[in-house]
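A short worksheet on the structure shown next.
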Amino acid sequence: MSAQLDVDRLSELARVVLPVDGDLDVLPLYVDTRKSPKPPKDDTDSPVVIEASGPAVVPDQVLGRRRFRLEHGQGVSFATYFNAFPASYWKRYTSITEVVLQVRTNGPGTLFVYRSTGRGSVVRVTSATVRGEHDERVRLPLDTFADGGWYWFDLVAGDGPLTLESAAWLGAPEEVAPRATGTGRITIGITTMNRPAYCTALLTQLGEAPDLCDVIDEVIVVDQGTERVRDHEGFAAAREACGDRLRVIEQANLGGSGGFSRSMLETLDGGRSDHVLILDDDVICEPEGIARTVAFANACRRPTVVGGHMFSMYDRSVLHAFAEVILPWQFRWGPAEPTVHDHDLASTNLRATPWLHRRMHSDYTGWWMCLIPVTVLRECGLSMPFFIKWDDAEYGLRAAEHGFPTVSLPGAAVWHVPWTDKDDAVDWQAYYHARSRLVAALTHSQYDRGGRMVRESLFIQLKHLLAMQYSAAALRQRAIEDVLSGPQDMHASLATRLGEVRQLRQQFDDAVVRRSPEEFAPVRRTKLRKRDSLGAKPVGTAATMLAAGSALVRQLRPVDPRTKAHPEREVAAADAGWWTLARLDSALVTTADGKGMSWHKRDRSHLAAAIRDAVEAHEQLLRDWPRLSRLYRDSMPDLVGPDAWRKTLDVAVPDEAPQETADPRMPHEADDVR
């Protein structure tokens, strides 16, 4: 920025916002009434206990989306997830070299501006006295944020109430100029299946967000269910809120990858937007996060995949996922070190969490919220035809191989049901977990035979078998066999494989879920024990191997015939590890979502055959890995290319020169649903 910068021409990078409904559960993500703690000596120290400063915040102090009232003597901080400025990310990936904090207030008080380092140390930058109607602008360089750090501000009311009228982080227009076509706008793609209430609520939220009017070209809903969004009672309101930007496309159920690929393809063929932003249908979004994502992507020095974080839908101040990576040797996903899953920002805020101040690398960002530039789509293609699971992770790895980074951007997030509250590793999705992970590893693993992955896959198979989860083991076995057969039918089977998976799963008792234990035979203990412990999870390699060996030996024993007629006991989902279930001949096991339970029964003959098949399949997988890897890599253009997806989706190639009198992307009143 030049010294004579015209501040009135600055572009907004991020606005300071507040929850519309004054929800106290999420208010700590926006406003903090606690004192800044002294930073820990190092990142391993325990979080600092924060003391209260002044009266507690109440919902009545939230005067609107951008206005907040402080009472006499009250101090508040905006060192919060949604309102601090993640300076290190802007420094690392964008053309921005300096930001301007603009704060408009009314009343007496003091403004304090702070920054942090990558270790979480807090430094006061400046302060200013405010009185009456006041407009303060502070220029802040981004030259000290190589490893991490944020900017934020605090307000303290003086001898009367102080109102924050608005605040924003601004950048020079020449540094935030959009790339590519010059629009810098997005098409939002939402894939939905039989969640019309969630989807219409999300559409209404998007349509009623005024700050998104200048960002969104179109909202595309790809409806793949039998309960149509257009038939829901809330759809009329959602359509009115979105106006002519809303388009609903109905197609067969091709999973998340089929739905999101349709949105990607429509964005490519539409030719208006610079980016596609894909959203899950069952999320609550923070609209300001979408605007920030677009602003960040437009300012990036190179095309960049930009994603939002996930907060828990149930415990809404809990940051469930921050930055995700693929562990290369095991080829499985996990949180980037030193981040953790399920961090509660209501109890341990931004200033007291050193790892939140570090700039984190991400291999991918979840497709609960992910912006992908059209430039990346053109060079990398669309989603892999996985149906579900690993499509987001695989795309991040593929983009990186083409030189496009992925950024999980702080301050951009949605609320979503966390995956820890789902049974998707043991229900019908077990097939897709296994197949998609294997195909992703075959196309992207850095190791000749996938590192530890094949061995780990066999261990997972054995764990399912020891836990009497025979349906999950059977689905995983089918997945491995399909991977071994090659990629040629991945597109062709998108619409049919789910039916085959469900049919195979229903052959096993553990797949039958009932709502109440009264729907099963009553529990009867076959053996009295002095101590009836469920057993603790083994810790460490030696303990795990010992427990697994003991469990395998026990499987050789005959099954007590009485357990075929009556389960031995009920086991809660939290206790249903293989180390527990391997000690039983039958058990009623609660599902992770708490909606029902299933009866697991030990079958010694089935177990023996399943172990033999699993060992043989994994041996073949390890033996054929180099050949399969070359085959899947060579087939990549036919798997992810727009033409391949057009054939699967039955979408015609757009005309090269569409008529100017009719825009094919904007539906007519009578045919906005197709």
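Letters A, B, ... mark the chains of the structure tokens in the order given; residue numbers begin at 1 per chain; ligand numbers begin at 1, in order shown.
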For Tyr89 of chain A: contacts at 9 Å, only C-alpha atoms, fewer than 4 positions along chain excluded, given as a list of chain:residue names: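 Surrounding residues, per the criterion: A:Tyr93, A:Thr94, A:Phe145, A:Ala146, A:Gly148, A:Gly149, A:Arg359, A:Met360, A:Val407, A:Leu409, A:Pro410.
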Kindly save the residues from that selection, with C-alpha atoms included, as a PDB file, in the first residue's frame.
```pdb
ATOM      1  CA  TYR A  93      -1.171 -17.155   0.277  1.00  0.00           C
ATOM      2  CA  THR A  94      -2.430 -13.771  -0.931  1.00  0.00           C
ATOM      3  CA  PHE A 145       3.274 -13.478  10.443  1.00  0.00           C
ATOM      4  CA  ALA A 146       5.436 -16.065   8.686  1.00  0.00           C
ATOM      5  CA  GLY A 148       1.237 -17.789  12.378  1.00  0.00           C
ATOM      6  CA  GLY A 149      -0.600 -15.096  14.261  1.00  0.00           C
ATOM      7  CA  ARG A 359      -0.627 -21.390  10.501  1.00  0.00           C
ATOM      8  CA  MET A 360      -1.654 -24.928   9.663  1.00  0.00           C
ATOM      9  CA  VAL A 407      -6.194 -23.736   2.687  1.00  0.00           C
ATOM     10  CA  LEU A 409      -9.378 -20.736   6.362  1.00  0.00           C
ATOM     11  CA  PRO A 410     -10.032 -19.641   9.961  1.00  0.00           C
TER      12      PRO A 410
END
```
Alpha helix (DSSP H) per DSSP on the backbone: members of segment 223-416 of chain A, as a PyMOL selection string: chain A and resi 235-242+255-270+287-299+374-380+391-401
Under the rule that only C-alpha atoms are counted, which of A:Met545, A:Ala295, A:Ile480, A:Ala237 is the nearest residue to Ala197 of chain A?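 Answer, going by the shortest atom-to-atom distance: A:Ala237.
Within 6 Å of segment 309-315 of chain A there are Leu319, His320, Ala321, Phe322, Ala413, Val414, Trp415, His416, Val417 and Pro418 of chain A, counting only C-alpha atoms and ignoring same-chain residues fewer than 4 positions away.
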Take the selection from the previous step and output its residues with N, CA and C atoms, as an mmCIF file, in the first residue's frame.
```
data_model
loop_
_atom_site.group_PDB
_atom_site.id
_atom_site.type_symbol
_atom_site.label_atom_id
_atom_site.label_comp_id
_atom_site.auth_asym_id
_atom_site.auth_seq_id
_atom_site.Cartn_x
_atom_site.Cartn_y
_atom_site.Cartn_z
ATOM 1 N N LEU A 319 -15.237 -26.761 18.139
ATOM 2 C CA LEU A 319 -14.580 -26.816 16.828
ATOM 3 C C LEU A 319 -14.179 -28.261 16.559
ATOM 4 N N HIS A 320 -14.948 -28.933 15.720
ATOM 5 C CA HIS A 320 -14.741 -30.373 15.525
ATOM 6 C C HIS A 320 -13.538 -30.663 14.634
ATOM 7 N N ALA A 321 -13.373 -29.907 13.569
ATOM 8 C CA ALA A 321 -12.264 -30.162 12.638
ATOM 9 C C ALA A 321 -11.697 -28.836 12.165
ATOM 10 N N PHE A 322 -10.383 -28.685 12.296
ATOM 11 C CA PHE A 322 -9.711 -27.427 11.949
ATOM 12 C C PHE A 322 -8.863 -27.582 10.699
ATOM 13 N N ALA A 413 -16.689 -21.203 8.401
ATOM 14 C CA ALA A 413 -17.070 -22.476 9.007
ATOM 15 C C ALA A 413 -18.555 -22.741 8.834
ATOM 16 N N VAL A 414 -18.921 -23.988 9.038
ATOM 17 C CA VAL A 414 -20.318 -24.398 9.113
ATOM 18 C C VAL A 414 -20.504 -25.248 10.354
ATOM 19 N N TRP A 415 -21.756 -25.384 10.769
ATOM 20 C CA TRP A 415 -22.106 -26.330 11.824
ATOM 21 C C TRP A 415 -22.672 -27.579 11.169
ATOM 22 N N HIS A 416 -22.149 -28.734 11.576
ATOM 23 C CA HIS A 416 -22.485 -30.005 10.927
ATOM 24 C C HIS A 416 -22.458 -31.104 11.979
ATOM 25 N N VAL A 417 -23.223 -32.160 11.745
ATOM 26 C CA VAL A 417 -23.176 -33.306 12.653
ATOM 27 C C VAL A 417 -21.783 -33.933 12.563
ATOM 28 N N PRO A 418 -21.035 -34.025 13.663
ATOM 29 C CA PRO A 418 -19.682 -34.584 13.598
ATOM 30 C C PRO A 418 -19.719 -36.067 13.254
#
```
Please return as a PyMOL selection string: the residues of segment 340-495 of chain A that backbone DSSP assigns to strand (DSSP E or B). chain A and resi 343-344+358+364+369-373+406-416
All residues 12 Å or closer to Glu286 of chain A, only C-alpha atoms, same chain fewer than 5 positions away omitted, as a PyMOL selection string: chain A and resi 15+17-20+26+29-30+65+81-82+202+205-206+208-209+211-212+279+291-293+308-311+369+411-416
Å distance separating atom CA of Leu631 of chain A from atom CA of Gly486 of chain A, one decimal place: 7.4 Å
Contact residues around Gln555 of chain A with only C-alpha atoms at 9 Å, ignoring same-chain residues under 5 positions, as a list in words: Leu466, Ser550, Ala582, Arg583, Arg602, Asp603, Arg604, Leu607 and Ala608 of chain A
Those same residues - N, CA and C atoms - I'd like them written as a tab-separated table (two decimals), in the first residue's frame.
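Saved file selection07.tsv follows:
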```
chain	number	residue	atom	x	y	z
A	466	LEU	N	-13.69	-59.87	14.69
A	466	LEU	CA	-13.64	-60.16	16.12
A	466	LEU	C	-14.81	-59.52	16.85
A	550	SER	N	-5.36	-63.11	22.12
A	550	SER	CA	-6.29	-63.76	23.04
A	550	SER	C	-7.67	-63.86	22.42
A	582	ALA	N	-15.23	-59.11	21.37
A	582	ALA	CA	-14.54	-60.38	21.11
A	582	ALA	C	-14.64	-61.34	22.30
A	583	ARG	N	-15.03	-60.83	23.47
A	583	ARG	CA	-15.14	-61.66	24.66
A	583	ARG	C	-16.53	-62.28	24.81
A	602	ARG	N	-21.84	-64.51	17.35
A	602	ARG	CA	-20.59	-65.13	16.89
A	602	ARG	C	-20.89	-66.37	16.06
A	603	ASP	N	-20.21	-66.47	14.93
A	603	ASP	CA	-20.36	-67.60	14.01
A	603	ASP	C	-18.96	-68.10	13.68
A	604	ARG	N	-18.57	-69.20	14.31
A	604	ARG	CA	-17.19	-69.67	14.18
A	604	ARG	C	-16.85	-70.09	12.76
A	607	LEU	N	-16.51	-67.04	10.55
A	607	LEU	CA	-15.29	-66.31	10.89
A	607	LEU	C	-14.08	-66.91	10.20
A	608	ALA	N	-13.96	-68.23	10.25
A	608	ALA	CA	-12.79	-68.90	9.66
A	608	ALA	C	-12.72	-68.63	8.16
```
I'd like the interatomic distance between atom CA of Phe520 of chain A and atom CA of His606 of chain A, to a tenth of an Å.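 The value is 22.4 Å.
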Got a sec: who's within 12 Å of Phe404 of chain A, counting only C-alpha atoms, leaving out chain neighbours fewer than 2 positions off, as a ChimeraX atom specification? /A:93,297,300-306,362-364,372-377,379-380,395-402,406-407
Can those selected residues be exported to a file as a PDB file, in the first residue's frame so that it contains N, CA and C atoms?
```pdb
ATOM      1  N   TYR A  93      -0.564 -16.713   1.532  1.00  0.00           N
ATOM      2  CA  TYR A  93      -1.171 -17.155   0.277  1.00  0.00           C
ATOM      3  C   TYR A  93      -1.668 -16.036  -0.635  1.00  0.00           C
ATOM      4  N   ALA A 297      -9.981 -16.227  -1.731  1.00  0.00           N
ATOM      5  CA  ALA A 297      -9.643 -16.899  -2.991  1.00  0.00           C
ATOM      6  C   ALA A 297      -9.309 -15.896  -4.085  1.00  0.00           C
ATOM      7  N   CYS A 300      -5.707 -14.628  -3.632  1.00  0.00           N
ATOM      8  CA  CYS A 300      -4.601 -15.597  -3.647  1.00  0.00           C
ATOM      9  C   CYS A 300      -3.704 -15.382  -4.862  1.00  0.00           C
ATOM     10  N   ARG A 301      -2.409 -15.566  -4.646  1.00  0.00           N
ATOM     11  CA  ARG A 301      -1.451 -15.368  -5.729  1.00  0.00           C
ATOM     12  C   ARG A 301      -1.578 -16.436  -6.808  1.00  0.00           C
ATOM     13  N   ARG A 302      -2.048 -17.610  -6.446  1.00  0.00           N
ATOM     14  CA  ARG A 302      -2.308 -18.662  -7.425  1.00  0.00           C
ATOM     15  C   ARG A 302      -3.675 -19.271  -7.108  1.00  0.00           C
ATOM     16  N   PRO A 303      -4.337 -19.931  -8.067  1.00  0.00           N
ATOM     17  CA  PRO A 303      -5.625 -20.557  -7.757  1.00  0.00           C
ATOM     18  C   PRO A 303      -5.492 -21.506  -6.565  1.00  0.00           C
ATOM     19  N   THR A 304      -6.377 -21.383  -5.597  1.00  0.00           N
ATOM     20  CA  THR A 304      -6.264 -22.098  -4.330  1.00  0.00           C
ATOM     21  C   THR A 304      -7.616 -22.658  -3.928  1.00  0.00           C
ATOM     22  N   VAL A 305      -7.620 -23.920  -3.503  1.00  0.00           N
ATOM     23  CA  VAL A 305      -8.815 -24.528  -2.924  1.00  0.00           C
ATOM     24  C   VAL A 305      -8.942 -24.009  -1.491  1.00  0.00           C
ATOM     25  N   VAL A 306     -10.097 -23.446  -1.161  1.00  0.00           N
ATOM     26  CA  VAL A 306     -10.286 -22.805   0.144  1.00  0.00           C
ATOM     27  C   VAL A 306     -11.490 -23.442   0.831  1.00  0.00           C
ATOM     28  N   SER A 362      -2.936 -27.876   5.329  1.00  0.00           N
ATOM     29  CA  SER A 362      -3.996 -28.849   5.102  1.00  0.00           C
ATOM     30  C   SER A 362      -3.758 -29.562   3.784  1.00  0.00           C
ATOM     31  N   ASP A 363      -3.915 -30.881   3.791  1.00  0.00           N
ATOM     32  CA  ASP A 363      -3.860 -31.632   2.534  1.00  0.00           C
ATOM     33  C   ASP A 363      -5.170 -31.540   1.767  1.00  0.00           C
ATOM     34  N   TYR A 364      -6.244 -31.357   2.495  1.00  0.00           N
ATOM     35  CA  TYR A 364      -7.556 -31.253   1.866  1.00  0.00           C
ATOM     36  C   TYR A 364      -8.485 -30.541   2.827  1.00  0.00           C
ATOM     37  N   ILE A 372     -13.691 -24.188  -4.859  1.00  0.00           N
ATOM     38  CA  ILE A 372     -12.728 -24.666  -5.856  1.00  0.00           C
ATOM     39  C   ILE A 372     -12.756 -23.715  -7.047  1.00  0.00           C
ATOM     40  N   PRO A 373     -11.645 -23.087  -7.370  1.00  0.00           N
ATOM     41  CA  PRO A 373     -11.618 -22.201  -8.542  1.00  0.00           C
ATOM     42  C   PRO A 373     -11.886 -22.979  -9.833  1.00  0.00           C
ATOM     43  N   VAL A 374     -12.532 -22.318 -10.768  1.00  0.00           N
ATOM     44  CA  VAL A 374     -12.803 -22.935 -12.071  1.00  0.00           C
ATOM     45  C   VAL A 374     -11.502 -23.330 -12.759  1.00  0.00           C
ATOM     46  N   THR A 375     -10.452 -22.550 -12.548  1.00  0.00           N
ATOM     47  CA  THR A 375      -9.145 -22.894 -13.127  1.00  0.00           C
ATOM     48  C   THR A 375      -8.681 -24.265 -12.658  1.00  0.00           C
ATOM     49  N   VAL A 376      -8.914 -24.580 -11.400  1.00  0.00           N
ATOM     50  CA  VAL A 376      -8.537 -25.886 -10.856  1.00  0.00           C
ATOM     51  C   VAL A 376      -9.400 -26.977 -11.479  1.00  0.00           C
ATOM     52  N   LEU A 377     -10.697 -26.721 -11.645  1.00  0.00           N
ATOM     53  CA  LEU A 377     -11.575 -27.711 -12.278  1.00  0.00           C
ATOM     54  C   LEU A 377     -11.103 -28.033 -13.691  1.00  0.00           C
ATOM     55  N   GLU A 379      -8.108 -27.860 -14.957  1.00  0.00           N
ATOM     56  CA  GLU A 379      -6.836 -28.577 -15.024  1.00  0.00           C
ATOM     57  C   GLU A 379      -6.881 -29.928 -14.315  1.00  0.00           C
ATOM     58  N   CYS A 380      -7.623 -30.012 -13.212  1.00  0.00           N
ATOM     59  CA  CYS A 380      -7.625 -31.238 -12.405  1.00  0.00           C
ATOM     60  C   CYS A 380      -8.821 -32.139 -12.670  1.00  0.00           C
ATOM     61  N   TYR A 395      -9.378 -35.218  -3.889  1.00  0.00           N
ATOM     62  CA  TYR A 395      -9.298 -34.025  -4.729  1.00  0.00           C
ATOM     63  C   TYR A 395      -8.216 -33.083  -4.227  1.00  0.00           C
ATOM     64  N   GLY A 396      -8.087 -32.960  -2.900  1.00  0.00           N
ATOM     65  CA  GLY A 396      -7.034 -32.115  -2.371  1.00  0.00           C
ATOM     66  C   GLY A 396      -5.652 -32.597  -2.758  1.00  0.00           C
ATOM     67  N   LEU A 397      -5.434 -33.905  -2.709  1.00  0.00           N
ATOM     68  CA  LEU A 397      -4.144 -34.470  -3.111  1.00  0.00           C
ATOM     69  C   LEU A 397      -3.897 -34.263  -4.599  1.00  0.00           C
ATOM     70  N   ARG A 398      -4.946 -34.434  -5.393  1.00  0.00           N
ATOM     71  CA  ARG A 398      -4.803 -34.254  -6.841  1.00  0.00           C
ATOM     72  C   ARG A 398      -4.503 -32.794  -7.179  1.00  0.00           C
ATOM     73  N   ALA A 399      -5.182 -31.869  -6.516  1.00  0.00           N
ATOM     74  CA  ALA A 399      -4.924 -30.454  -6.762  1.00  0.00           C
ATOM     75  C   ALA A 399      -3.486 -30.094  -6.410  1.00  0.00           C
ATOM     76  N   ALA A 400      -2.990 -30.636  -5.295  1.00  0.00           N
ATOM     77  CA  ALA A 400      -1.612 -30.349  -4.888  1.00  0.00           C
ATOM     78  C   ALA A 400      -0.618 -30.853  -5.926  1.00  0.00           C
ATOM     79  N   GLU A 401      -0.894 -32.013  -6.511  1.00  0.00           N
ATOM     80  CA  GLU A 401       0.001 -32.552  -7.538  1.00  0.00           C
ATOM     81  C   GLU A 401       0.032 -31.666  -8.778  1.00  0.00           C
ATOM     82  N   HIS A 402      -1.016 -30.880  -8.973  1.00  0.00           N
ATOM     83  CA  HIS A 402      -1.050 -29.931 -10.091  1.00  0.00           C
ATOM     84  C   HIS A 402      -0.573 -28.533  -9.679  1.00  0.00           C
ATOM     85  N   THR A 406      -4.219 -26.153  -0.883  1.00  0.00           N
ATOM     86  CA  THR A 406      -5.498 -26.145  -0.164  1.00  0.00           C
ATOM     87  C   THR A 406      -5.307 -25.397   1.145  1.00  0.00           C
ATOM     88  N   VAL A 407      -6.237 -24.513   1.453  1.00  0.00           N
ATOM     89  CA  VAL A 407      -6.194 -23.736   2.687  1.00  0.00           C
ATOM     90  C   VAL A 407      -7.500 -23.934   3.444  1.00  0.00           C
TER      91      VAL A 407
END
```
List the neighbours of His232 of chain A out to 12 Å using only C-alpha atoms; skip same-chain residues closer than 2 positions along the sequence, and give me the result as a tab-separated table (two decimals) with N, CA and C atoms, in the first residue's frame.
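Saved result, around02.tsv, follows:
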```
chain	number	residue	atom	x	y	z
A	194	ASN	N	-33.13	-36.59	0.35
A	194	ASN	CA	-34.13	-36.85	1.38
A	194	ASN	C	-33.90	-36.06	2.66
A	195	ARG	N	-33.41	-34.84	2.50
A	195	ARG	CA	-33.30	-33.92	3.63
A	195	ARG	C	-33.92	-32.58	3.24
A	196	PRO	N	-35.17	-32.56	2.81
A	196	PRO	CA	-35.75	-31.31	2.31
A	196	PRO	C	-35.84	-30.22	3.36
A	197	ALA	N	-36.07	-30.59	4.62
A	197	ALA	CA	-36.17	-29.57	5.67
A	197	ALA	C	-34.82	-28.87	5.86
A	198	TYR	N	-33.75	-29.66	5.98
A	198	TYR	CA	-32.42	-29.08	6.12
A	198	TYR	C	-32.07	-28.21	4.92
A	199	CYS	N	-32.35	-28.73	3.73
A	199	CYS	CA	-31.93	-28.04	2.51
A	199	CYS	C	-32.67	-26.73	2.33
A	200	THR	N	-33.99	-26.73	2.57
A	200	THR	CA	-34.74	-25.48	2.42
A	200	THR	C	-34.32	-24.46	3.46
A	201	ALA	N	-33.98	-24.91	4.67
A	201	ALA	CA	-33.49	-23.98	5.70
A	201	ALA	C	-32.18	-23.34	5.27
A	226	THR	N	-35.85	-39.14	-3.06
A	226	THR	CA	-37.25	-39.40	-3.40
A	226	THR	C	-38.18	-38.41	-2.71
A	227	GLU	N	-37.72	-37.80	-1.61
A	227	GLU	CA	-38.45	-36.72	-0.96
A	227	GLU	C	-37.91	-35.40	-1.52
A	228	ARG	N	-38.60	-34.87	-2.50
A	228	ARG	CA	-38.07	-33.75	-3.26
A	228	ARG	C	-38.11	-32.44	-2.48
A	229	VAL	N	-37.04	-31.67	-2.66
A	229	VAL	CA	-36.96	-30.37	-2.02
A	229	VAL	C	-38.10	-29.48	-2.48
A	230	ARG	N	-38.45	-29.53	-3.75
A	230	ARG	CA	-39.50	-28.64	-4.28
A	230	ARG	C	-40.86	-28.93	-3.68
A	234	GLY	N	-41.37	-25.55	3.07
A	234	GLY	CA	-40.52	-24.38	3.18
A	234	GLY	C	-39.87	-23.96	1.88
A	235	PHE	N	-40.10	-24.70	0.80
A	235	PHE	CA	-39.40	-24.40	-0.44
A	235	PHE	C	-39.84	-23.07	-1.05
A	236	ALA	N	-41.12	-22.75	-0.94
A	236	ALA	CA	-41.60	-21.49	-1.53
A	236	ALA	C	-40.87	-20.30	-0.91
A	237	ALA	N	-40.69	-20.33	0.41
A	237	ALA	CA	-39.97	-19.24	1.08
A	237	ALA	C	-38.51	-19.21	0.66
A	238	ALA	N	-37.91	-20.40	0.53
A	238	ALA	CA	-36.51	-20.47	0.11
A	238	ALA	C	-36.35	-19.95	-1.30
A	239	ARG	N	-37.27	-20.30	-2.16
A	239	ARG	CA	-37.19	-19.84	-3.55
A	239	ARG	C	-37.37	-18.33	-3.63
```
Can you work out which one of A:Leu556, A:Met490, A:Ala430, A:Leu10 has the shortest atom-to-atom distance to Gly258 of chain A, counting only C-alpha atoms? A:Met490
Smallest atom-to-atom distance to Ser261 of chain A: which of A:Thr590, A:Ser11, A:Thr105, A:Ser383, using only C-alpha atoms?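 That would be A:Ser383, the residue with the smallest distance to Ser261 of chain A.
Here atom CA of His341 of chain A and atom CA of Leu382 of chain A stand 28.7 Å from one another.
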